[in-house]
$ cat work34.csv   # CSV, C-alpha atoms
chain,number,residue,atom,x,y,z
A,336,MET,CA,23.9,-1.5,-10.6
A,337,SER,CA,20.1,-1.0,-10.8
A,338,GLU,CA,17.7,-1.4,-7.9
A,339,GLN,CA,16.1,-4.4,-9.6
A,340,VAL,CA,19.4,-6.2,-9.8
A,341,ILE,CA,20.1,-5.6,-6.2
A,342,VAL,CA,16.7,-6.8,-5.1
A,343,ASP,CA,17.0,-9.9,-7.3
A,344,ALA,CA,20.4,-10.6,-5.8
A,345,VAL,CA,18.9,-10.4,-2.3
A,346,VAL,CA,16.1,-12.8,-3.2
A,347,THR,CA,18.6,-15.4,-4.4
A,348,HIS,CA,20.8,-15.1,-1.3
A,349,SER,CA,20.6,-18.2,0.9
A,350,GLU,CA,23.9,-18.4,2.8
A,351,LYS,CA,22.4,-17.5,6.2
A,352,THR,CA,19.6,-19.8,7.4
A,353,SER,CA,16.7,-18.6,9.5
A,354,PRO,CA,15.9,-19.2,13.2
A,355,LEU,CA,12.4,-19.8,12.0
A,356,GLY,CA,13.3,-23.3,11.1
A,357,PRO,CA,14.4,-25.6,8.3
A,358,GLY,CA,13.7,-24.5,4.8
A,359,PHE,CA,13.8,-20.7,5.5
A,360,ASN,CA,16.4,-18.6,3.8
A,361,ARG,CA,17.4,-15.2,5.2
A,362,LEU,CA,17.0,-12.5,2.5
A,363,THR,CA,17.8,-9.6,4.8
A,364,GLU,CA,18.1,-9.0,8.5
A,365,GLN,CA,14.3,-8.8,8.7
A,366,ILE,CA,13.0,-10.8,5.8
A,367,TYR,CA,12.9,-14.6,5.4
A,368,LEU,CA,11.7,-16.8,2.6
A,369,GLN,CA,10.6,-20.4,2.5
A,370,GLU,CA,9.7,-21.7,-1.0
A,371,ALA,CA,6.7,-24.0,-1.4
A,372,PRO,CA,7.7,-27.6,-0.7
A,373,SER,CA,8.3,-29.5,-4.0
A,374,SER,CA,6.6,-32.6,-2.7
A,375,ALA,CA,3.5,-30.8,-1.5
A,376,THR,CA,0.2,-31.1,-3.4
A,377,PRO,CA,-2.3,-28.3,-3.0
A,378,LEU,CA,-5.4,-29.3,-1.1
A,379,SER,CA,-7.3,-27.1,-3.5
A,380,PRO,CA,-6.5,-25.1,-6.6
A,381,SER,CA,-7.9,-22.1,-4.7
A,382,ASP,CA,-5.4,-22.3,-1.8
A,383,PRO,CA,-3.0,-19.4,-1.4
A,384,THR,CA,0.2,-19.6,-3.3
A,385,THR,CA,2.0,-17.1,-1.0
A,386,ILE,CA,1.5,-16.3,2.7
A,387,LEU,CA,3.1,-13.0,3.8
A,388,LEU,CA,3.4,-12.8,7.6
A,389,TYR,CA,4.4,-9.6,9.5
A,390,GLY,CA,5.2,-10.3,13.2
A,391,TRP,CA,4.4,-8.1,16.1
A,392,GLY,CA,7.0,-5.7,17.5
A,393,ASP,CA,10.2,-7.5,18.5
A,394,ALA,CA,8.4,-10.9,18.2
A,395,ARG,CA,10.9,-13.8,18.4
A,396,PRO,CA,11.2,-16.1,15.4
A,397,LYS,CA,10.4,-19.1,17.5
A,398,HIS,CA,7.0,-17.6,18.3
A,399,LEU,CA,6.3,-16.7,14.6
A,400,ALA,CA,7.2,-20.2,13.7
A,401,LYS,CA,4.0,-21.4,15.4
A,402,TYR,CA,2.0,-19.3,13.0
A,403,VAL,CA,3.9,-20.8,10.1
A,404,ASP,CA,3.1,-24.2,11.4
A,405,GLY,CA,-0.6,-23.3,11.6
A,406,TYR,CA,-0.7,-22.0,8.1
A,407,ARG,CA,1.3,-24.9,6.8
A,408,ALA,CA,-1.4,-27.3,8.2
A,409,LEU,CA,-4.1,-25.4,6.3
A,410,PHE,CA,-2.2,-24.7,3.1
A,411,PRO,CA,0.7,-27.1,2.7
A,412,ALA,CA,1.7,-25.9,-0.8
A,413,ALA,CA,2.1,-22.2,0.1
A,414,LYS,CA,5.3,-20.2,-0.1
A,415,PHE,CA,6.1,-18.2,3.0
A,416,VAL,CA,7.6,-14.7,3.4
A,417,VAL,CA,8.1,-13.7,7.0
A,418,VAL,CA,9.0,-10.2,8.2
A,419,LEU,CA,10.5,-9.5,11.6
A,420,CYS,CA,9.4,-6.1,13.0
A,421,PRO,CA,11.7,-4.4,15.5
A,422,ILE,CA,10.0,-1.6,17.3
A,423,LEU,CA,12.9,0.8,17.8
A,424,ARG,CA,14.0,0.7,14.2
A,425,CYS,CA,10.5,1.2,12.9
A,426,LEU,CA,10.0,4.3,15.0
A,427,TYR,CA,13.2,6.1,14.1
A,428,GLN,CA,13.2,5.2,10.4
A,429,THR,CA,11.6,7.5,7.8
A,430,LEU,CA,8.9,6.1,5.6
A,431,GLU,CA,11.4,6.1,2.7
A,432,ALA,CA,13.9,4.0,4.7
A,433,ARG,CA,11.2,1.6,5.9
A,434,SER,CA,9.9,1.2,2.3
A,435,LYS,CA,13.4,0.5,1.0
A,436,ALA,CA,13.9,-2.1,3.6
A,437,MET,CA,10.7,-3.8,2.5
A,438,THR,CA,11.4,-3.8,-1.2
A,439,PRO,CA,12.8,-7.4,-1.1
A,440,VAL,CA,9.3,-8.5,0.1
A,441,ILE,CA,7.9,-7.6,-3.3
A,442,SER,CA,10.4,-9.7,-5.2
A,443,ALA,CA,10.0,-12.6,-2.7
A,444,CYS,CA,6.2,-12.5,-3.4
A,445,PHE,CA,6.1,-11.9,-7.1
A,446,GLY,CA,9.5,-12.9,-8.4
A,447,SER,CA,11.7,-10.9,-10.8
A,448,LEU,CA,8.9,-9.2,-12.7
A,449,GLU,CA,9.1,-6.6,-15.3
A,450,THR,CA,5.9,-4.5,-15.7
A,451,ALA,CA,4.5,-6.6,-18.5
A,452,ASP,CA,5.0,-9.8,-16.6
A,453,ARG,CA,3.3,-8.3,-13.5
A,454,LYS,CA,0.3,-7.4,-15.5
A,455,SER,CA,0.0,-10.8,-16.9
A,456,VAL,CA,0.0,-12.3,-13.4
A,457,GLU,CA,-2.7,-9.8,-12.3
A,458,ALA,CA,-4.8,-10.7,-15.3
A,459,SER,CA,-4.8,-14.4,-14.1
A,460,PRO,CA,-5.2,-14.2,-10.3
A,461,ASN,CA,-5.3,-18.0,-9.9
A,462,ASN,CA,-1.6,-17.9,-10.7
A,463,ASN,CA,-0.7,-15.9,-7.6
A,464,ARG,CA,-3.0,-15.9,-4.6
A,465,ILE,CA,-1.6,-14.0,-1.7
A,466,LEU,CA,-2.8,-14.1,1.9
A,467,VAL,CA,-1.3,-11.3,4.1
A,468,GLN,CA,-1.3,-11.5,7.9
A,469,VAL,CA,-0.1,-8.5,10.1
A,470,MET,CA,0.2,-8.5,13.9
A,471,SER,CA,0.1,-5.5,16.2
A,472,ASN,CA,0.8,-1.9,15.2
A,473,THR,CA,4.5,-2.5,14.5
A,474,GLY,CA,3.7,-5.2,12.0
A,475,GLY,CA,1.2,-2.8,10.5
A,476,MET,CA,3.9,-0.1,10.0
A,477,TYR,CA,6.0,-2.5,8.0
A,478,LEU,CA,3.0,-3.6,6.0
A,479,ALA,CA,2.3,0.0,5.1
A,480,ALA,CA,5.9,0.5,4.1
A,481,THR,CA,5.5,-2.5,1.8
A,482,LEU,CA,2.4,-1.1,0.3
A,483,ASN,CA,4.2,2.2,-0.3
A,484,ALA,CA,7.2,0.5,-1.9
A,485,TYR,CA,4.9,-1.5,-4.3
A,486,ARG,CA,3.0,1.6,-5.3
A,487,LYS,CA,6.2,3.5,-6.0
A,488,ARG,CA,7.5,0.7,-8.1
A,489,PHE,CA,4.4,-0.2,-10.0
A,490,GLY,CA,2.0,2.7,-9.5
A,491,GLU,CA,-0.8,0.4,-8.2
A,492,ALA,CA,-2.1,-1.1,-5.0
A,493,PHE,CA,-0.4,-4.2,-3.6
A,494,PRO,CA,-2.4,-7.2,-5.0
A,495,HIS,CA,-3.6,-9.7,-2.5
A,496,HIS,CA,-6.8,-11.7,-1.8
A,497,MET,CA,-7.0,-11.5,2.0
A,498,LEU,CA,-5.6,-9.5,4.9
A,499,VAL,CA,-5.7,-10.8,8.4
A,500,ALA,CA,-5.3,-8.0,11.0
A,501,ASP,CA,-4.4,-9.6,14.4
A,502,SER,CA,-4.5,-7.2,17.3
A,503,THR,CA,-4.3,-4.2,15.0
A,504,PRO,CA,-4.7,-1.3,14.1
A,505,GLY,CA,-5.0,0.8,17.2
A,506,SER,CA,-5.3,4.5,18.0
A,507,THR,CA,-2.5,6.9,16.7
A,508,SER,CA,-2.9,9.3,19.7
A,509,PHE,CA,0.4,9.7,21.5
A,510,LEU,CA,-1.1,10.4,24.9
A,511,GLN,CA,-3.4,7.3,24.7
A,512,ASN,CA,-0.6,5.1,23.4
A,513,ALA,CA,2.5,6.2,25.3
A,514,GLY,CA,1.8,3.7,28.2
A,515,PRO,CA,1.0,0.7,26.0
A,516,TRP,CA,3.7,1.3,23.5
A,517,SER,CA,6.4,1.8,26.1
A,518,ARG,CA,5.2,-1.3,27.8
A,519,ALA,CA,5.5,-3.3,24.6
A,520,MET,CA,9.0,-1.9,24.0
A,521,ALA,CA,10.0,-2.9,27.5
A,522,ILE,CA,8.6,-6.4,27.1
A,523,GLY,CA,10.6,-6.8,23.8
A,524,SER,CA,13.8,-5.3,25.2
A,525,PRO,CA,16.9,-7.5,25.0
A,526,GLY,CA,17.4,-10.0,27.9
A,527,TRP,CA,20.9,-8.7,28.6
A,528,LEU,CA,19.5,-5.3,29.5
A,529,PRO,CA,20.2,-5.3,33.3
A,530,LEU,CA,17.4,-2.9,34.3
A,531,PRO,CA,14.2,-3.4,36.2
A,532,PHE,CA,11.1,-3.5,34.0
A,533,ILE,CA,9.7,-0.2,35.3
A,534,VAL,CA,13.0,1.6,34.5
A,535,THR,CA,13.1,0.1,31.0
A,536,GLN,CA,9.5,1.2,30.4
A,537,ALA,CA,10.3,4.7,31.7
A,538,LEU,CA,13.2,5.0,29.3
A,539,ALA,CA,11.1,3.8,26.4
A,540,CYS,CA,8.4,6.3,27.3
A,541,PHE,CA,11.0,9.1,27.3
A,542,PHE,CA,12.3,8.0,24.0
A,543,LEU,CA,8.8,7.9,22.5
A,544,ALA,CA,8.1,11.4,23.9
A,545,ALA,CA,11.3,12.8,22.4
A,546,LEU,CA,10.5,11.2,19.0
A,547,HIS,CA,6.9,12.5,19.1
A,548,GLY,CA,8.1,16.0,19.9
A,549,PHE,CA,10.7,16.0,17.1
A,550,GLY,CA,8.1,14.8,14.6
A,551,TRP,CA,5.7,17.5,15.7
A,552,LEU,CA,8.4,20.2,15.3
A,553,ILE,CA,9.2,19.2,11.7
A,554,GLY,CA,5.6,18.5,10.8
A,555,ALA,CA,6.2,14.8,10.0
A,556,SER,CA,3.4,12.1,10.1
A,557,SER,CA,4.2,9.3,12.5
A,558,ALA,CA,4.7,5.7,11.3
A,559,ALA,CA,1.6,4.7,13.2
A,560,ALA,CA,-0.6,7.4,11.7
A,561,TYR,CA,0.6,6.5,8.2
A,562,SER,CA,0.0,2.8,8.6
A,563,VAL,CA,-3.5,3.1,10.0
A,564,ALA,CA,-4.5,5.3,7.1
A,565,ALA,CA,-2.6,3.2,4.4
A,566,VAL,CA,-4.6,0.0,4.9
A,567,ASN,CA,-7.8,1.9,4.2
A,568,ASN,CA,-6.4,3.7,1.2
A,569,GLU,CA,-7.4,1.9,-2.0
A,570,GLU,CA,-4.4,3.4,-3.8
A,571,LEU,CA,-2.2,1.4,-1.5
A,572,CYS,CA,-4.2,-1.6,-0.3
A,573,GLU,CA,-6.2,-3.8,-2.7
A,574,LYS,CA,-9.9,-2.9,-2.3
A,575,SER,CA,-11.1,-6.3,-3.6
A,576,ALA,CA,-9.2,-8.2,-0.8
A,577,THR,CA,-11.3,-9.6,2.0
A,578,ARG,CA,-10.2,-8.5,5.5
A,579,LEU,CA,-10.4,-10.3,8.8
A,580,TYR,CA,-9.9,-8.4,12.1
A,581,MET,CA,-9.0,-10.6,15.1
A,582,TYR,CA,-9.1,-8.9,18.5
A,583,SER,CA,-10.3,-9.1,22.1
A,584,LYS,CA,-11.6,-6.8,24.8
A,585,GLU,CA,-8.8,-7.9,27.2
A,586,ASP,CA,-6.0,-6.6,24.9
A,587,ASP,CA,-4.3,-3.9,27.0
A,588,ILE,CA,-2.1,-2.6,24.2
A,589,ILE,CA,-4.5,-2.2,21.2
A,590,TYR,CA,-8.0,-1.4,22.4
A,591,TRP,CA,-10.9,-3.2,20.8
A,592,GLU,CA,-12.9,0.0,20.2
A,593,ASP,CA,-10.1,1.3,17.9
A,594,ILE,CA,-10.1,-1.9,15.9
A,595,GLU,CA,-13.9,-1.8,15.5
A,596,LYS,CA,-13.7,1.9,14.5
A,597,HIS,CA,-11.1,1.1,11.8
A,598,ALA,CA,-13.2,-1.9,10.5
A,599,ALA,CA,-16.2,0.4,10.2
A,600,GLN,CA,-14.2,2.9,8.2
A,601,ALA,CA,-13.0,0.1,5.9
A,602,ARG,CA,-16.6,-1.0,5.3
A,603,GLN,CA,-17.6,2.6,4.5
A,604,ARG,CA,-14.9,2.8,1.9
A,605,GLY,CA,-16.0,-0.4,0.2
A,606,TYR,CA,-13.8,-3.1,1.7
A,607,VAL,CA,-15.2,-6.5,2.6
A,608,VAL,CA,-14.7,-7.0,6.3
A,609,ASP,CA,-15.1,-9.8,8.9
A,610,LEU,CA,-14.5,-9.4,12.6
A,611,ASP,CA,-13.8,-12.2,15.1
A,612,MET,CA,-13.6,-11.4,18.8
A,613,PHE,CA,-11.6,-13.8,21.1
A,614,GLU,CA,-12.8,-14.1,24.7
A,615,GLY,CA,-10.1,-13.4,27.4
A,616,ALA,CA,-7.1,-13.3,25.0
A,617,PRO,CA,-4.3,-10.9,25.6
A,618,HIS,CA,-2.5,-8.9,22.9
A,619,VAL,CA,-1.5,-11.2,20.0
A,620,GLY,CA,-2.5,-14.1,22.2
A,621,HIS,CA,-5.6,-15.2,20.3
A,622,MET,CA,-4.1,-18.1,18.4
A,623,ARG,CA,-2.4,-19.4,21.5
A,624,GLN,CA,-5.5,-19.4,23.6
A,625,HIS,CA,-8.1,-20.2,21.0
A,626,PRO,CA,-6.4,-22.2,18.2
A,627,GLU,CA,-9.5,-23.8,16.8
A,628,GLN,CA,-11.4,-20.6,16.6
A,629,TYR,CA,-8.4,-18.8,15.1
A,630,TRP,CA,-7.5,-21.2,12.3
A,631,GLY,CA,-11.2,-21.8,11.7
A,632,ALA,CA,-11.8,-18.1,11.1
A,633,VAL,CA,-8.8,-17.9,8.8
A,634,LYS,CA,-10.0,-20.8,6.7
A,635,LYS,CA,-13.5,-19.6,6.5
A,636,THR,CA,-12.6,-16.0,5.5
A,637,TRP,CA,-10.1,-17.3,2.9
A,638,THR,CA,-12.8,-19.5,1.4
A,639,GLU,CA,-15.1,-16.4,1.1
A,640,ALA,CA,-12.2,-14.4,-0.3
A,641,ILE,CA,-11.5,-16.6,-3.3
A,642,VAL,CA,-15.1,-17.3,-4.3
A,643,GLY,CA,-15.4,-16.7,-8.0
A,644,LEU,CA,-11.7,-17.2,-8.9

$ encode --input "work34.csv" --output "structure tokens"
Amino acid sequence: MSEQVIVDAVVTHSEKTSPLGPGFNRLTEQIYLQEAPSSATPLSPSDPTTILLYGWGDARPKHLAKYVDGYRALFPAAKFVVVLCPILRCLYQTLEARSKAMTPVISACFGSLETADRKSVEASPNNNRILVQVMSNTGGMYLAATLNAYRKRFGEAFPHHMLVADSTPGSTSFLQNAGPWSRAMAIGSPGWLPLPFIVTQALACFFLAALHGFGWLIGASSAAAYSVAAVNNEELCEKSATRLYMYSKEDDIIYWEDIEKHAAQARQRGYVVDLDMFEGAPHVGHMRQHPEQYWGAVKKTWTEAIVGL
């Protein structure tokens, strides 16, 4: 059985429904699809047709559902593809394994396309307008795996019109990130783990150190390093897409200086970049604390992104 047949079978699977809410079908353990409502009428012919959302590390579906609700209010006719992003799995998987796991995202976004069909869609961008949102570094790692999977399949950058980078990307330095990353893993640890938080974080830090040491010994690039570079690589990430970085100085996991540095590099490489800083918001807490500013920025940047279509 070919890979394409397997992917197509995954996309049509709908036996297990999603904790994200009604209308979502589970494609894989990590990927969920909600087709555009048949009753919805686009507010504008330039609204996105597909919204691809990568959650932060170990984000619960009920929390991601709030972002789906926000996007649905802005763009009621869009199709949603939501990706859950477990931290531990992301860190121990190889790039090849992560990319294979993200292959169903491609079919969920574009359908069962042969090369000729894909080119015809790209030649008429109004037919498929994609808005991508990624949250935190773990979400960025799975986005990078998707970009890699698409390029391996089609030999081109993943086509989209806008990328929203919420609380990402950060530094790839292990020493700088060991504390914040282990804290994030401890926060996302299962509720049944009967250990004090500080013990859980210490175990997470030990695991990260062992993983980093092993990667150093075999000369492997870390998932974080690959993802930070991938979104500024025009062979992987569509250069014509507008980009919106959303961040705050109070984020104690992803530092604002690293986000501004990445945005500056993107500008230097020809990407169109907007930045929106949120006062007093914690990591991935911008939408919760400043919903009007958040959704206003998304709407404004999307409008700028589709000018001329």

$ residues_near_point --input "work34.csv" --point "(0.0, -17.2, 18.8)" --cutoff "7 Å" --atoms "all atoms listed in the file" --output "ChimeraX atom specification"
/A:401-402,619-623

$ closest_residue --input "work34.csv" --among "A:Tyr561, A:Tyr477, A:Phe489, A:Tyr590" --to "Ser506 (chain A)" --atoms "all atoms listed in the file"
A:Tyr590

$ atom_distance --input "work34.csv" --atom1 "CA of Ser583 (chain A)" --atom2 "CA of Trp630 (chain A)"
15.8 Å

$ atom_distance --input "work34.csv" --atom1 "CA of Val608 (chain A)" --atom2 "CA of Tyr580 (chain A)"
7.7 Å

$ residues_around --input "work34.csv" --residues "region 370-375 of chain A" --least-positions-apart "2" --cutoff "12 Å" --atoms "all atoms listed in the file" --output "number ranges by chain"
A: 346-347, 349, 357-361, 367-368, 377-379, 383-387, 407-408, 410-417, 443-444, 446

$ atom_distance --input "work34.csv" --atom1 "CA of Leu579 (chain A)" --atom2 "CA of Pro504 (chain A)"
11.9 Å

$ closest_residue --input "work34.csv" --among "A:Ile441, A:Leu419, A:Val563, A:Gly405" --to "Pro354 (chain A)" --atoms "only C-alpha atoms"
A:Leu419

$ closest_residue --input "work34.csv" --among "A:Met612, A:Asp593, A:Leu399, A:Ala558" --to "Ala632 (chain A)" --atoms "only C-alpha atoms"
A:Met612

$ closest_residue --input "work34.csv" --among "A:Ala492, A:Val440, A:Ala560, A:Val499" --to "Lys574 (chain A)" --atoms "only C-alpha atoms"
A:Ala492

$ closest_residue --input "work34.csv" --among "A:Met437, A:Val403, A:Ala616, A:Ala394" --to "Ala479 (chain A)" --atoms "all atoms listed in the file"
A:Met437

$ decode --input "work34.csv" --residues "region 611-632 of chain A" --atoms "C-alpha atoms" --output "PDB file, in the first residue's frame"
ATOM      1  CA  ASP A 611       2.868  42.841  18.605  1.00  0.00           C
ATOM      2  CA  MET A 612       3.963  43.028  22.252  1.00  0.00           C
ATOM      3  CA  PHE A 613       1.482  42.235  25.056  1.00  0.00           C
ATOM      4  CA  GLU A 614       1.870  44.029  28.355  1.00  0.00           C
ATOM      5  CA  GLY A 615       2.153  41.787  31.419  1.00  0.00           C
ATOM      6  CA  ALA A 616       1.156  38.542  29.692  1.00  0.00           C
ATOM      7  CA  PRO A 617       2.791  35.234  30.670  1.00  0.00           C
ATOM      8  CA  HIS A 618       3.931  32.538  28.257  1.00  0.00           C
ATOM      9  CA  VAL A 619       1.127  31.738  25.750  1.00  0.00           C
ATOM     10  CA  GLY A 620      -1.132  33.948  27.865  1.00  0.00           C
ATOM     11  CA  HIS A 621      -1.535  36.857  25.447  1.00  0.00           C
ATOM     12  CA  MET A 622      -4.976  35.879  24.132  1.00  0.00           C
ATOM     13  CA  ARG A 623      -6.296  35.177  27.615  1.00  0.00           C
ATOM     14  CA  GLN A 624      -5.191  38.518  29.065  1.00  0.00           C
ATOM     15  CA  HIS A 625      -5.666  40.755  26.026  1.00  0.00           C
ATOM     16  CA  PRO A 626      -8.309  39.168  23.744  1.00  0.00           C
ATOM     17  CA  GLU A 627      -9.234  42.362  21.883  1.00  0.00           C
ATOM     18  CA  GLN A 628      -5.601  43.219  21.129  1.00  0.00           C
ATOM     19  CA  TYR A 629      -4.887  39.606  20.163  1.00  0.00           C
ATOM     20  CA  TRP A 630      -7.707  39.038  17.701  1.00  0.00           C
ATOM     21  CA  GLY A 631      -7.415  42.584  16.397  1.00  0.00           C
ATOM     22  CA  ALA A 632      -3.771  41.940  15.520  1.00  0.00           C
TER      23      ALA A 632
END
